[in-house]
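See below for the structure under consideration.
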Amino acid sequence: MEILDDPHQLGQALGEQHKWDVLGMGEDKEKGLEQQQVWLPEATQQGPLVAPHLALHPTGQGVSLHIPQSAINATVEQDILLSVEYSCHGVPTIEWKYTSNWGVQKIVEWKPGTQANISQSHKDRVCTFDNGSIQLFSVGIRDSGYYVITVTEHLGSSQFGTIVLHVSEILYEDLHFVAVFLAFLAAVASVLISLMWVCNKCAYKFQRKRRHKLKESTTEEIELQNVEC
């Protein structure tokens, strides 16, 4: 068996298809990352050397990220859970950012099991979970936008995902306003009707009393005419 420690020799042994991956392994070694030696069988007449296994993960496969719901519709004053699930080697660094028409804001950054570093713009409005999810309390219209999560493991590989949040006004508040306004109109109408009924009663009594007086005066005039005759 032959041991190849030089990335350039290993790249030539594996062929052009894996040459740059192996050279990348050499760069990681210079950064202080531990690299396992790859054992290769001695060359035979049957063909070139073949590496059956590489110790490091290929780029982009170190972290996996799953977002169950990538689009969320919410109403004002509602609490929203931005749910995600991830898997990686070791304890990663999790970061959430918010992107909208007003720009990009960093929401929170933390490592599971440690205290989260929450930005001032979202103080007392964010709750973090070890699985990478966050909860937003009492959302408003300005919270509508794109929420980007980035999970970075200690080896340097990372993965990101996006959740779209749309916050709208509460419909039943408008209906409640309309209902209150209609109730107010009904109350005003009932008061007006009551006043009209009272006025009609007073007018009827006044007319009745006036007719009675006219009748009495007419009777007196007739009696006086009879006496004169």
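Letters A, B, ... go to the chains of the structure tokens in the order shown; residues in each chain start at 1; ligands are counted from 1 in the same order.
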
Would you tabulate, counting only C-alpha atoms, all residues of range 134-216 of chain A that have an atom at most 7 Å from an atom of range 99-119 of chain A, showing the closest pair of atoms and their distance in Å to one decimal, sorted by chain then ascending number, as CSV?
```
residue,atom,partner,partner_atom,distance
A:Gly145,CA,A:Ser100,CA,4.8
A:Tyr146,CA,A:Thr99,CA,5.0
A:Tyr147,CA,A:Thr99,CA,6.3
```

What are the closest atom pairs, with distances in Å to one decimal, for each residue of range 125-204 of chain A lying within 9 Å of range 70-76 of chain A, using only C-alpha atoms, rows by chain and rising residue number, as a tab-separated table?
```
residue	atom	partner	partner_atom	distance
A:Ser138	CA	A:Val76	CA	7.0
A:Val139	CA	A:Val76	CA	5.7
A:Gly140	CA	A:Val76	CA	5.0
A:Ile141	CA	A:Val76	CA	6.7
A:Gly161	CA	A:Ser70	CA	8.7
A:Thr162	CA	A:Ser70	CA	6.7
A:Ile163	CA	A:Ser70	CA	4.5
A:Val164	CA	A:Ala71	CA	4.7
A:Leu165	CA	A:Ile72	CA	4.9
A:His166	CA	A:Asn73	CA	4.9
A:Val167	CA	A:Ala74	CA	4.7
A:Ser168	CA	A:Thr75	CA	4.9
A:Glu169	CA	A:Val76	CA	5.6
A:Ile170	CA	A:Thr75	CA	5.6
A:Leu171	CA	A:Thr75	CA	8.6
```

* To do: Tell me, as JSON, numbers by chain, which residues lie within 6 Å of Glu85 in chain A, counting only C-alpha atoms; anything in the same chain fewer than 3 positions away does not count.
  => {"A": [65, 66, 131]}

* Name the residues in contact with Ile134 in chain A at a cut-off of 9 Å, using only C-alpha atoms, excluding same-chain residues fewer than 3 positions from it; report them as a ChimeraX atom specification. => /A:80-84,96,126-129,131

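The space between CA of Tyr204 in chain A and CA of Val188 in chain A spans 24.2 Å.
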
* Between CA of Val91 in chain A and CA of His154 in chain A, distance in Å (one decimal) ->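 Interatomic distance here is 7.1 Å.
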
* To do: Between CA of Ser87 in chain A and CA of Gly62 in chain A, measure the distance and give it in Å to one decimal.
  =>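 Separation of CA of Ser87 in chain A and CA of Gly62 in chain A: 8.4 Å.
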